[in-house]
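J.: Before we start, here is the structure in question, set down as structure tokens.
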Amino acid sequence: MERFIQLVIDGIAIGSIYGALALALVLIFRSTGIVNFAQGEMAMFSTFVAWALVQAGLPLGLALLAALAASFGGGMLIERVIIRPVEGEDPLTILIVTLGLFILVNSGAGWIWGFNNRGFPRALPGGSTTVAGVRLSYESLGIVAVLLVVVGLLWLLFEKTKLGLAMRAAAANPASSRLVGISVGRTLAIGWGLAALLGALAGVLVAPQLFLDVNFMGGVLVYSFAAATLGGFDSPKGAVIGGWIIGVAETLAGDYIGFIGSDLTILVPLAIIFGVLLVRPNGLFGSPEVVRA
Amino acid sequence: MSLFTVERGSTRQTQLRLAGLTVLAVVAVAIPFLFGPYRVSQFTLVLIYAIAVLGLNLLVGYSGQISLGHGAFFCLGAYTGAILLDRTSIPHLLTVPAAGLVCFAAGLALGLPALRLRGLYLALVTLAIAIATPVLIKRFDGLTGGSQGISIQQPKPPASLGLADDQFLYFLSLVVAVPLFWFASGIVRRNVGRALIAMRDDETAARTMGVNLATFKTRAFGLSAAYAGVAGSLFTFANGFVAPESFTLTVSFAFLAAIVVGGLATVAGALFGALFIVFVPVWSSDVDEALSGVIYGATLIACMYVFRGGIMGLLRSAWGRIAEVQGTTTGRSDDEVGEEVAVAGDVRRTGAGARGMRS
Amino acid sequence: MSLLEVEGLEAGYGPVTVVRDLAFSVDEGQVVTILGANGAGKTTTLRALSGVARASGRIDFGGTPLLGRAPEWIVRQGIAHVPEGRGNFATLTVEENLRLGAYVRKDGGRTRQDIKRCYGYFPRLEERSTQAAGSLSGGEQQMLAIARGLMLRPRLMLLDEPSHGLSPLITREVFKILREIVEEGTTLLIVEQNANLVLEFADHAYVLETGQLVLDGSAEEIGSDEGVRRSYLGMV
């Protein structure tokens with residue numbers, strides 16, 4: 001029983017990582033209808049930036065903050081320079097651009113930092129505490145806490161600030177947004193910046209356990225896609241909850257189901273994607289269709 | 001403006017087309033004699049990929065169903081061929097249609113549930129299949145040889161032809177590719193093709209025209225999978241073995257890039273797309289080994305900015321400057337066009353993208 | 001000098017020109033209407049004014065040229081465009097839609113007051129203030145669109161077919177409220193197919209046919225014109 005709870009908690013922790021990246025995907029999808037296949041690679045790149053800053057002598061906390069800030073700026077820049085020229089094009093063209101971006105960022109990171117893997121310092125304290133016979137690692141608790149704080153801040157942004165309202169408006173009806181004076185381009189850039197920030201956060205939180213190399217976010221991206229699909233691709237709430245469910249499913253399945261073992265655990269999110277799409281494509285919280293008023 | 005004019009459907013147009021095809025044929029046949037074995041094998045790969053890419057274009061460009069997992073059918077075809085050669089005494093050439101049939105069935109099987117999925121969702125399902133494929137191959141190693149893969153005897157040229165191995169493989173692929181391209185362009189040119197495009201652009205209209213959507217879409221899936229399967233079996237011939245590493249997500253993405261770069265909803269575009277995905281990575285690692293991925297990615301992105309409508313679109317507008325094809329007026333009033341353009345413009349400007357991902 | 005002066009206006013989308021050599025003006029406090037059939041170019045004209053369609057010629061608002069300016073800037077000059085199809089933010093609440101109308105304004109406190117004022121005009125909106133705009137009826141959505149335009153405290157309000165899809169009863173209600181708005185000092189430029197109601201209400205009217213102005217006169221003159229009566233008022 002204790003093991004079960006432990007697995008669930010670890011599942012929620014890793015699920016928070018998936019949720020964070022899924023949230024990034026959902027943010028961009030909601031505002032532009034684009035699925036950004038390069039989200040994981042952008043997160044990887046930002047994590048490498050953090051690593052490089054630490055190597056250069058910066059204290060970890062500062063390095064992380066700087067990397068997060070850089071990721072925000074980088075996200076905005078990518079939207080402006082690479083995505084903006086094709087923003088109104090058909091989905092396939094945009095898809096190919098994000099694929100091109102994937103390849104570019106992945107190879108770019110390899111060119112700058114090499115293709116070997118390396119360790120990444122822990123931001124959260126190691127060790128654990130035992131409550132009612134269940135061992136809770138501080139890292140897991142910390143990751144969940146960080147995610148909850150971030151989600152809370154995002155909620156405040158979107159629901160309680162003018163900028164957040166503008167962002168929601170631009171996502172709901174870009175044409176009308178221009179007619180009330182919202183600079184749609186600027187809000188989109190901010191959206192991409194935020195998404196990149198979320199991705200970077202996911203990256204630096206998961207890097208200590210996965211080891212840092214140019215491909216380390218590839219698997220995480222797949223799980224995040226599953227989370228976003230499960231939750232509903234246009235639902236932020238769905239991304240987070242979907243992430244938790246996927247995380248828990250992964251840890252439980254890896255442990256309990258012999259067929260899966262640990263190297264085939266990637267089949268779990270894939271099966272979930274399959275199942276969700278065949279039964280209820282818009283996921284748990286996604287909206288069934290876009291309403292025009 | 002233009003150098004000369006051609007009437008659509010005239011003898012002159014047919015003559016020009018034939019001339020173009022003849023040039024292409026001559027070049028295609030000459031290639032194995034002009035280059036060394038390594039380069040020839042690259043061209044063989046171009047032919048093989050072109051078949052697969054053509055299949056994907058039938059699905060995506062003509063029937064509007066997006067698939068991120070075409071590589072899975074390619075893989076299925078390749079393994080079908082390999083397993084048949086390994087386990088049975090079936091002659092080499094028969095594995096090609098066998099792979100095609102198996103994949104046709106698989107495509108139909110996937111096409112049925114795919115009917116209920118739109119845009120993004122179909123993309124995600126196919127993505128999941130593509131990612132799962134190498135994993136499943138490794139898991140069912142009893143059948144597939146797992147990570148080790150399966151080695152097969154490559155088809156050998158009959159002595160009477162006097163060809164080298166690489167040249168034979170090239171011509172084998174060419175001989176398979178040509179009728180497949182001809183067949184595809186036939187499908188596309190006839191009403192069926194037009195119905196498919198209508199379906200892609202406005203399903204309600206197509207439905208009222210009596211076009212049976214479900215049948216067409218499912219068949220499109222089956223056909224596109226069959227093409228990939230045939231290409232896969234040729235791939236097995238060309239390599240002499242199959243292994244899961246050759247069929248990762250990268251292959252599916254490459255095919256997708258190829259149809260867009262070559263030109264969506266064009267038949268010839270498949271060839272250009274295949275040339276792109278084979279030679280640009282080679283060229284970019286020639287430029288700088290370490291930067292090759294960066295160059296390839298950047299080139300792909302640049303193509304999307306510059307070539308609206310892919311390489312075929314570029315060629316068409318270039319051709320349009322040389323020869324004006326008459327008989328293409330649409331006869332609508334400026335206002336009607338204006339309103340349409342306005343709506344389309346809104347959709348573009350808003351960044352919500354056209355139908356597809358978000359429907 | 002008129003509040004809005006347009007001369008030699010040519011507008012369209014991309015390579016297509018919909019409106020040619022248009023000239024009209026709107027004085028402060030007036031209600032001006034542009035009539036015309038579908039495809040005549042009415043919507044294009046409004047879009048040229050609010051900056052979302054390609055335009056050339058001269059558009060002066062209070063002496064300031066608008067041509068070539070971004071919609072976001074034009075809004076800030078005090079022009080509210082209530083578009084065809086209402087343009088509401090379907091997934092946002094009624095109240096959020098209203099707040100967005102005041103997006104460019106800097107006076108937060110007055111915004112709250114203005115929301116109350118809008119609810120005064122449109123009590124039905126207050127009942128639904130926390131509902132998603134997409135769930136409102138056609139008439140309510142039109143009212144919301146107008147209210148959103150009002151929230152700007154515009155000098156000029158552009159209305160594109162406000163009666164579209166509404167029953168005659170609701171249309172009368174909407175026009176009654178528009179009358180009040182004019183009395184409070186807002187200038188209106190209304191584009192309509194439904195000439196009956198709007199001619200009762202407007203001061204001046206223009207008639208557009210395939211992108212060109214064919215008639216120009218006071219509302220009474222236009223209303224009694226034979227051609228107009230036959231084509232637009234359904235009278236023989």
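Residue numbers start at 1 in each chain; chains themselves are named A, B, ... in the order of the structure tokens; ligands are numbered from 1 in the order shown.
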List as a list in words the protein and nucleic acid residues near Ser46 (chain A), meaning an atom at most 6 Å away when only C-alpha atoms are counted, but skip any in the same chain fewer than 3 places from it.
T.: Ala43, Val49, Ala67, Ser71 and Ala200 of chain A
J.: Residues as selected, all heavy atoms, written as a PDB file, in the first residue's frame, can you do that?
T.:
```
ATOM      1  N   ALA A  43      12.836  23.859 -24.881  1.00  0.00           N
ATOM      2  CA  ALA A  43      13.065  23.646 -23.452  1.00  0.00           C
ATOM      3  C   ALA A  43      14.469  23.094 -23.214  1.00  0.00           C
ATOM      4  O   ALA A  43      15.169  23.502 -22.278  1.00  0.00           O
ATOM      5  CB  ALA A  43      12.016  22.687 -22.899  1.00  0.00           C
ATOM      6  N   VAL A  49      21.358  26.296 -21.637  1.00  0.00           N
ATOM      7  CA  VAL A  49      21.814  27.647 -21.293  1.00  0.00           C
ATOM      8  C   VAL A  49      22.054  27.734 -19.790  1.00  0.00           C
ATOM      9  O   VAL A  49      23.082  28.263 -19.333  1.00  0.00           O
ATOM     10  CB  VAL A  49      20.774  28.696 -21.746  1.00  0.00           C
ATOM     11  CG1 VAL A  49      21.076  30.049 -21.140  1.00  0.00           C
ATOM     12  CG2 VAL A  49      20.744  28.788 -23.257  1.00  0.00           C
ATOM     13  N   ALA A  67      18.318  31.766 -17.170  1.00  0.00           N
ATOM     14  CA  ALA A  67      17.897  30.881 -18.267  1.00  0.00           C
ATOM     15  C   ALA A  67      16.406  31.033 -18.525  1.00  0.00           C
ATOM     16  O   ALA A  67      15.958  31.029 -19.675  1.00  0.00           O
ATOM     17  CB  ALA A  67      18.238  29.436 -17.946  1.00  0.00           C
ATOM     18  N   SER A  71      14.745  32.267 -21.893  1.00  0.00           N
ATOM     19  CA  SER A  71      13.792  31.443 -22.638  1.00  0.00           C
ATOM     20  C   SER A  71      12.566  32.266 -23.015  1.00  0.00           C
ATOM     21  O   SER A  71      12.031  32.131 -24.115  1.00  0.00           O
ATOM     22  CB  SER A  71      13.375  30.220 -21.831  1.00  0.00           C
ATOM     23  OG  SER A  71      12.576  30.598 -20.726  1.00  0.00           O
ATOM     24  N   ALA A 200      11.047  25.692 -20.367  1.00  0.00           N
ATOM     25  CA  ALA A 200      12.354  25.762 -19.717  1.00  0.00           C
ATOM     26  C   ALA A 200      12.247  25.280 -18.284  1.00  0.00           C
ATOM     27  O   ALA A 200      13.132  24.580 -17.770  1.00  0.00           O
ATOM     28  CB  ALA A 200      12.878  27.191 -19.764  1.00  0.00           C
TER      29      ALA A 200
END
```
J.: With a cut-off of 8 Å and counting only C-alpha atoms, select all residues of chain C in contact with chain A and give the selection as a short mmCIF file (atom, residue, chain, number, x, y, z; two decimals) with all heavy atoms, in the first residue's frame.
T.:
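See selection-v3.cif below for the written result:
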```
data_model
loop_
_atom_site.label_atom_id
_atom_site.label_comp_id
_atom_site.auth_asym_id
_atom_site.auth_seq_id
_atom_site.Cartn_x
_atom_site.Cartn_y
_atom_site.Cartn_z
N SER C 50 -11.80 51.65 -40.64
CA SER C 50 -11.18 51.19 -39.40
C SER C 50 -9.81 50.56 -39.62
O SER C 50 -9.18 50.12 -38.67
CB SER C 50 -12.10 50.21 -38.66
OG SER C 50 -12.36 49.09 -39.46
N PRO C 71 -5.23 49.44 -37.38
CA PRO C 71 -6.53 49.49 -36.68
C PRO C 71 -6.38 49.85 -35.21
O PRO C 71 -7.21 50.58 -34.66
CB PRO C 71 -7.06 48.05 -36.81
CG PRO C 71 -6.31 47.45 -37.92
CD PRO C 71 -5.02 48.17 -38.06
N GLU C 72 -5.29 49.34 -34.60
CA GLU C 72 -5.09 49.61 -33.17
C GLU C 72 -4.93 51.10 -32.91
O GLU C 72 -5.33 51.60 -31.87
CB GLU C 72 -3.85 48.88 -32.65
CG GLU C 72 -3.91 47.35 -32.75
CD GLU C 72 -3.46 46.82 -34.09
OE1 GLU C 72 -3.23 47.62 -35.02
OE2 GLU C 72 -3.36 45.58 -34.23
N TRP C 73 -4.35 51.82 -33.86
CA TRP C 73 -4.17 53.26 -33.71
C TRP C 73 -5.48 53.99 -33.97
O TRP C 73 -5.85 54.92 -33.26
CB TRP C 73 -3.08 53.73 -34.69
CG TRP C 73 -2.72 55.17 -34.58
CD1 TRP C 73 -1.78 55.72 -33.78
CD2 TRP C 73 -3.30 56.24 -35.34
NE1 TRP C 73 -1.73 57.08 -33.97
CE2 TRP C 73 -2.65 57.43 -34.92
CE3 TRP C 73 -4.29 56.33 -36.31
CZ2 TRP C 73 -2.97 58.68 -35.46
CZ3 TRP C 73 -4.61 57.57 -36.85
CH2 TRP C 73 -3.95 58.74 -36.41
N VAL C 75 -8.51 52.98 -33.57
CA VAL C 75 -9.41 52.83 -32.43
C VAL C 75 -9.13 53.92 -31.41
O VAL C 75 -10.03 54.52 -30.84
CB VAL C 75 -9.23 51.44 -31.78
CG1 VAL C 75 -9.95 51.37 -30.46
CG2 VAL C 75 -9.74 50.38 -32.70
N ARG C 76 -7.85 54.17 -31.18
CA ARG C 76 -7.47 55.14 -30.18
C ARG C 76 -7.85 56.58 -30.54
O ARG C 76 -7.83 57.45 -29.70
CB ARG C 76 -5.95 55.05 -29.91
CG ARG C 76 -5.59 53.82 -29.11
CD ARG C 76 -4.08 53.63 -29.00
NE ARG C 76 -3.78 52.65 -27.98
CZ ARG C 76 -3.76 51.32 -28.18
NH1 ARG C 76 -4.00 50.85 -29.37
NH2 ARG C 76 -3.50 50.50 -27.18
N ALA C 80 -15.20 53.48 -33.13
CA ALA C 80 -15.56 52.12 -32.75
C ALA C 80 -16.25 51.45 -33.94
O ALA C 80 -17.18 52.00 -34.51
CB ALA C 80 -16.47 52.12 -31.54
N HIS C 81 -15.77 50.28 -34.29
CA HIS C 81 -16.33 49.55 -35.42
C HIS C 81 -17.07 48.33 -34.89
O HIS C 81 -16.48 47.44 -34.28
CB HIS C 81 -15.19 49.13 -36.36
CG HIS C 81 -15.63 48.44 -37.61
ND1 HIS C 81 -14.84 48.31 -38.71
CD2 HIS C 81 -16.79 47.82 -37.93
CE1 HIS C 81 -15.48 47.64 -39.67
NE2 HIS C 81 -16.67 47.33 -39.21
N GLY C 85 -21.60 40.51 -38.41
CA GLY C 85 -21.41 39.29 -37.63
C GLY C 85 -21.09 39.58 -36.20
O GLY C 85 -20.76 38.67 -35.43
N ARG C 86 -21.19 40.80 -35.80
CA ARG C 86 -21.08 41.23 -34.40
C ARG C 86 -19.69 41.18 -33.82
O ARG C 86 -19.33 42.00 -33.00
CB ARG C 86 -22.01 40.43 -33.49
CG ARG C 86 -23.40 40.90 -33.65
CD ARG C 86 -24.40 39.84 -33.87
NE ARG C 86 -25.43 40.25 -34.80
CZ ARG C 86 -26.40 39.46 -35.17
NH1 ARG C 86 -26.44 38.23 -34.70
NH2 ARG C 86 -27.30 39.87 -36.01
N GLY C 87 -18.88 40.20 -34.15
CA GLY C 87 -17.51 40.17 -33.66
C GLY C 87 -17.36 40.07 -32.17
O GLY C 87 -16.39 40.59 -31.62
N ASN C 88 -18.28 39.41 -31.50
CA ASN C 88 -18.12 39.25 -30.05
C ASN C 88 -17.06 38.20 -29.73
O ASN C 88 -16.73 37.36 -30.56
CB ASN C 88 -19.45 38.82 -29.42
CG ASN C 88 -20.42 39.97 -29.36
OD1 ASN C 88 -20.05 41.11 -29.16
ND2 ASN C 88 -21.69 39.65 -29.56
N PHE C 89 -16.55 38.28 -28.52
CA PHE C 89 -15.59 37.27 -28.05
C PHE C 89 -16.42 36.15 -27.42
O PHE C 89 -16.76 36.21 -26.24
CB PHE C 89 -14.62 37.88 -27.05
CG PHE C 89 -13.80 39.01 -27.62
CD1 PHE C 89 -14.18 40.32 -27.44
CD2 PHE C 89 -12.66 38.74 -28.36
CE1 PHE C 89 -13.44 41.36 -27.99
CE2 PHE C 89 -11.92 39.77 -28.91
CZ PHE C 89 -12.30 41.08 -28.73
N ALA C 90 -16.70 35.15 -28.22
CA ALA C 90 -17.68 34.13 -27.83
C ALA C 90 -17.36 33.42 -26.54
O ALA C 90 -18.25 33.11 -25.75
CB ALA C 90 -17.81 33.11 -28.96
N THR C 91 -16.09 33.12 -26.33
CA THR C 91 -15.75 32.33 -25.14
C THR C 91 -15.56 33.18 -23.89
O THR C 91 -15.38 32.66 -22.80
CB THR C 91 -14.46 31.53 -25.37
OG1 THR C 91 -13.46 32.41 -25.89
CG2 THR C 91 -14.69 30.41 -26.38
N LEU C 92 -15.60 34.48 -24.04
CA LEU C 92 -15.44 35.36 -22.87
C LEU C 92 -16.83 35.78 -22.38
O LEU C 92 -17.79 35.77 -23.13
CB LEU C 92 -14.61 36.59 -23.23
CG LEU C 92 -13.22 36.29 -23.79
CD1 LEU C 92 -12.47 37.57 -24.04
CD2 LEU C 92 -12.44 35.39 -22.86
N GLU C 96 -16.70 40.67 -19.65
CA GLU C 96 -15.35 40.76 -20.21
C GLU C 96 -15.37 41.39 -21.58
O GLU C 96 -14.49 42.17 -21.94
CB GLU C 96 -14.70 39.37 -20.24
CG GLU C 96 -14.30 38.88 -18.88
CD GLU C 96 -13.84 37.43 -18.89
OE1 GLU C 96 -14.29 36.67 -19.78
OE2 GLU C 96 -13.05 37.06 -18.01
N LEU C 100 -13.38 44.77 -22.61
CA LEU C 100 -12.48 44.84 -23.77
C LEU C 100 -12.80 46.05 -24.64
O LEU C 100 -11.92 46.63 -25.25
CB LEU C 100 -12.58 43.55 -24.59
CG LEU C 100 -11.79 42.40 -23.99
CD1 LEU C 100 -12.17 41.10 -24.66
CD2 LEU C 100 -10.30 42.65 -24.15
N GLY C 101 -14.08 46.42 -24.66
CA GLY C 101 -14.43 47.59 -25.44
C GLY C 101 -13.68 48.82 -24.98
O GLY C 101 -13.36 49.72 -25.77
N ALA C 102 -13.37 48.84 -23.68
CA ALA C 102 -12.68 49.99 -23.12
C ALA C 102 -11.18 49.77 -23.03
O ALA C 102 -10.48 50.50 -22.33
CB ALA C 102 -13.24 50.28 -21.72
N TYR C 103 -10.68 48.79 -23.76
CA TYR C 103 -9.27 48.38 -23.63
C TYR C 103 -8.29 49.54 -23.75
O TYR C 103 -7.33 49.64 -23.01
CB TYR C 103 -8.95 47.32 -24.68
CG TYR C 103 -7.55 46.78 -24.61
CD1 TYR C 103 -7.18 45.86 -23.64
CD2 TYR C 103 -6.57 47.19 -25.51
CE1 TYR C 103 -5.90 45.36 -23.55
CE2 TYR C 103 -5.28 46.70 -25.44
CZ TYR C 103 -4.95 45.79 -24.47
OH TYR C 103 -3.68 45.29 -24.39
N VAL C 104 -8.54 50.43 -24.72
CA VAL C 104 -7.55 51.48 -24.95
C VAL C 104 -7.70 52.68 -24.01
O VAL C 104 -6.89 53.58 -24.03
CB VAL C 104 -7.57 51.99 -26.41
CG1 VAL C 104 -7.24 50.86 -27.36
CG2 VAL C 104 -8.92 52.59 -26.75
N ALA C 133 -20.41 34.98 -24.08
CA ALA C 133 -21.08 35.76 -25.11
C ALA C 133 -21.67 34.87 -26.20
O ALA C 133 -22.68 35.20 -26.81
CB ALA C 133 -20.10 36.76 -25.72
N GLY C 134 -21.02 33.75 -26.44
CA GLY C 134 -21.50 32.87 -27.50
C GLY C 134 -22.85 32.24 -27.20
O GLY C 134 -23.52 31.74 -28.09
N GLN C 141 -26.69 39.43 -28.75
CA GLN C 141 -25.32 39.58 -29.23
C GLN C 141 -25.13 40.89 -29.95
O GLN C 141 -24.09 41.54 -29.84
CB GLN C 141 -24.95 38.41 -30.15
CG GLN C 141 -24.76 37.12 -29.39
CD GLN C 141 -24.02 36.08 -30.19
OE1 GLN C 141 -23.27 36.42 -31.09
NE2 GLN C 141 -24.24 34.82 -29.88
#
```
J.: Return as a ChimeraX atom specification the residues belonging to chain A that are within 9 Å of chain B, counting only C-alpha atoms.
T.: /A:29,31-35,82,84-94,96-108,110-111,170-171,173-175,184,222,225-226,229,263-264,266-267,269-271,273-274,277-278,281-282,289-290
J.: What lies within 12 Å of Leu53 (chain A) using only C-alpha atoms, ignoring chain neighbours under 6 positions off, as JSON, numbers by chain?
T.: {"A": [46, 47, 59, 60, 61, 62, 63, 64, 65, 66, 67, 68, 70, 120, 121]}
J.: Can I get the selection written as a short mmCIF file (atom, residue, chain, number, x, y, z; two decimals), in the first residue's frame, with all heavy atoms?
T.:
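And here's result-v3.cif as it stands now:
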```
data_model
loop_
_atom_site.label_atom_id
_atom_site.label_comp_id
_atom_site.auth_asym_id
_atom_site.auth_seq_id
_atom_site.Cartn_x
_atom_site.Cartn_y
_atom_site.Cartn_z
N SER A 46 17.07 25.83 -23.51
CA SER A 46 17.10 26.69 -22.33
C SER A 46 17.79 26.00 -21.17
O SER A 46 18.52 26.63 -20.40
CB SER A 46 15.68 27.08 -21.91
OG SER A 46 14.96 27.57 -23.00
N THR A 47 17.56 24.69 -21.05
CA THR A 47 18.21 23.95 -19.98
C THR A 47 19.72 23.95 -20.17
O THR A 47 20.48 24.10 -19.22
CB THR A 47 17.69 22.50 -19.93
OG1 THR A 47 16.27 22.51 -19.99
CG2 THR A 47 18.15 21.80 -18.67
N PRO A 59 26.03 31.10 -9.61
CA PRO A 59 25.32 30.24 -8.66
C PRO A 59 24.05 29.69 -9.30
O PRO A 59 23.44 30.36 -10.14
CB PRO A 59 24.98 31.18 -7.50
CG PRO A 59 25.27 32.55 -7.96
CD PRO A 59 26.17 32.48 -9.13
N LEU A 60 23.63 28.51 -8.90
CA LEU A 60 22.55 27.81 -9.58
C LEU A 60 21.28 28.65 -9.67
O LEU A 60 20.65 28.75 -10.73
CB LEU A 60 22.26 26.48 -8.86
CG LEU A 60 21.16 25.63 -9.50
CD1 LEU A 60 21.55 25.26 -10.92
CD2 LEU A 60 20.91 24.37 -8.68
N GLY A 61 20.88 29.26 -8.55
CA GLY A 61 19.64 30.02 -8.55
C GLY A 61 19.65 31.11 -9.61
O GLY A 61 18.70 31.28 -10.36
N LEU A 62 20.77 31.83 -9.66
CA LEU A 62 20.89 32.91 -10.63
C LEU A 62 20.88 32.37 -12.05
O LEU A 62 20.24 32.94 -12.96
CB LEU A 62 22.20 33.66 -10.38
CG LEU A 62 22.17 35.16 -10.62
CD1 LEU A 62 21.11 35.81 -9.76
CD2 LEU A 62 23.54 35.76 -10.30
N ALA A 63 21.60 31.27 -12.23
CA ALA A 63 21.66 30.67 -13.56
C ALA A 63 20.26 30.28 -14.03
O ALA A 63 19.89 30.50 -15.19
CB ALA A 63 22.58 29.46 -13.54
N LEU A 64 19.49 29.69 -13.12
CA LEU A 64 18.14 29.27 -13.49
C LEU A 64 17.28 30.48 -13.86
O LEU A 64 16.58 30.46 -14.87
CB LEU A 64 17.48 28.49 -12.35
CG LEU A 64 18.06 27.12 -12.08
CD1 LEU A 64 17.31 26.45 -10.95
CD2 LEU A 64 17.99 26.24 -13.32
N LEU A 65 17.35 31.52 -13.03
CA LEU A 65 16.55 32.70 -13.34
C LEU A 65 16.94 33.29 -14.69
O LEU A 65 16.08 33.67 -15.49
CB LEU A 65 16.73 33.74 -12.23
CG LEU A 65 15.89 33.49 -10.99
CD1 LEU A 65 16.27 34.45 -9.88
CD2 LEU A 65 14.41 33.63 -11.31
N ALA A 66 18.24 33.37 -14.91
CA ALA A 66 18.71 33.93 -16.17
C ALA A 66 18.24 33.09 -17.35
O ALA A 66 17.78 33.60 -18.37
CB ALA A 66 20.23 34.04 -16.16
N ALA A 67 18.32 31.77 -17.17
CA ALA A 67 17.90 30.88 -18.27
C ALA A 67 16.41 31.03 -18.52
O ALA A 67 15.96 31.03 -19.67
CB ALA A 67 18.24 29.44 -17.95
N LEU A 68 15.62 31.15 -17.47
CA LEU A 68 14.18 31.32 -17.65
C LEU A 68 13.88 32.63 -18.36
O LEU A 68 13.05 32.69 -19.28
CB LEU A 68 13.46 31.28 -16.29
CG LEU A 68 13.41 29.91 -15.61
CD1 LEU A 68 12.77 30.01 -14.24
CD2 LEU A 68 12.63 28.92 -16.46
N ALA A 70 15.90 34.22 -20.33
CA ALA A 70 16.36 34.08 -21.71
C ALA A 70 15.35 33.28 -22.52
O ALA A 70 15.11 33.56 -23.69
CB ALA A 70 17.72 33.40 -21.73
N PHE A 120 23.12 17.34 -14.49
CA PHE A 120 22.57 18.68 -14.26
C PHE A 120 22.32 18.83 -12.77
O PHE A 120 21.76 17.95 -12.15
CB PHE A 120 21.26 18.85 -15.05
CG PHE A 120 20.76 20.27 -15.08
CD1 PHE A 120 21.25 21.17 -16.01
CD2 PHE A 120 19.82 20.70 -14.16
CE1 PHE A 120 20.79 22.48 -16.04
CE2 PHE A 120 19.36 22.01 -14.18
CZ PHE A 120 19.85 22.90 -15.12
N PRO A 121 22.75 19.94 -12.22
CA PRO A 121 22.63 20.12 -10.76
C PRO A 121 21.18 20.17 -10.31
O PRO A 121 20.31 20.69 -11.00
CB PRO A 121 23.32 21.47 -10.52
CG PRO A 121 23.29 22.18 -11.82
CD PRO A 121 23.36 21.13 -12.87
#
```
J.: Could you give me, as a ChimeraX atom specification, each residue of region 53-262 of chain A that DSSP assigns to helix (DSSP H, G or I) when run on this structure's backbone?
T.: /A:53-55,60-86,91-113,138-160,162-172,174-179,184-210,216-231,236-256
J.: Fewer than 5 positions away in the same chain doesn't count, so skip those; otherwise give me all residues within 6 Å of Arg20 (chain C), counting only C-alpha atoms, as a PyMOL selection string.
T.: chain C and resi 10+211-212
J.: Got a sec to pull out which chain C residues are within 10 Å of chain B, counting only C-alpha atoms, and send them as a list in words?
T.: Gly12, Tyr13, Gly14, Pro15, Val16, Thr17, Val18, Val19, Asn38, Gly39, Ala40, Gly41, Thr43, Thr44, Val52, Ala53, Thr210 and Gly211 of chain C
J.: Taking 3 positions as the minimum chain separation for residues in the same chain, which residues sit within 12 Å of Glu180 (chain C) when counting only C-alpha atoms? Answer as an NGL selection string.
T.: :C and (29 or 31 or 118 or 120-122 or 150 or 173-177 or 183-188 or 201)
J.: Can you measure CA of Ala109 (chain A) to CA of Gly199 (chain A) for me? One decimal in Å is fine.
T.: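 The value is 15.7 Å.
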J.: Between CA of Ala109 (chain B) and CA of Ala249 (chain A), measure the distance and give it in Å to one decimal.
T.: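 Separation of CA of Ala109 (chain B) and CA of Ala249 (chain A): 28.1 Å.
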J.: Just to confirm, what's the straight-line distance from CA of Leu112 (chain B) to CA of His70 (chain B) in Å (one decimal)?
T.: 16.1 Å
J.: Determine which residues of region 57-282 of chain A DSSP labels as strand (DSSP E) from the backbone of this structure, then write them out as an MDAnalysis selection string.
T.: chainID A and resid 128:131 134:137
J.: Any idea what's packed within 9 Å of region 7-17 of chain A, counting only C-alpha atoms, ignoring anything in its chain fewer than 5 positions away? Could you give it as a ChimeraX atom specification?
T.: /A:2,22,136-137,139-144,146-148,199,201-203,205-206,220,223-224,227,240-252,255
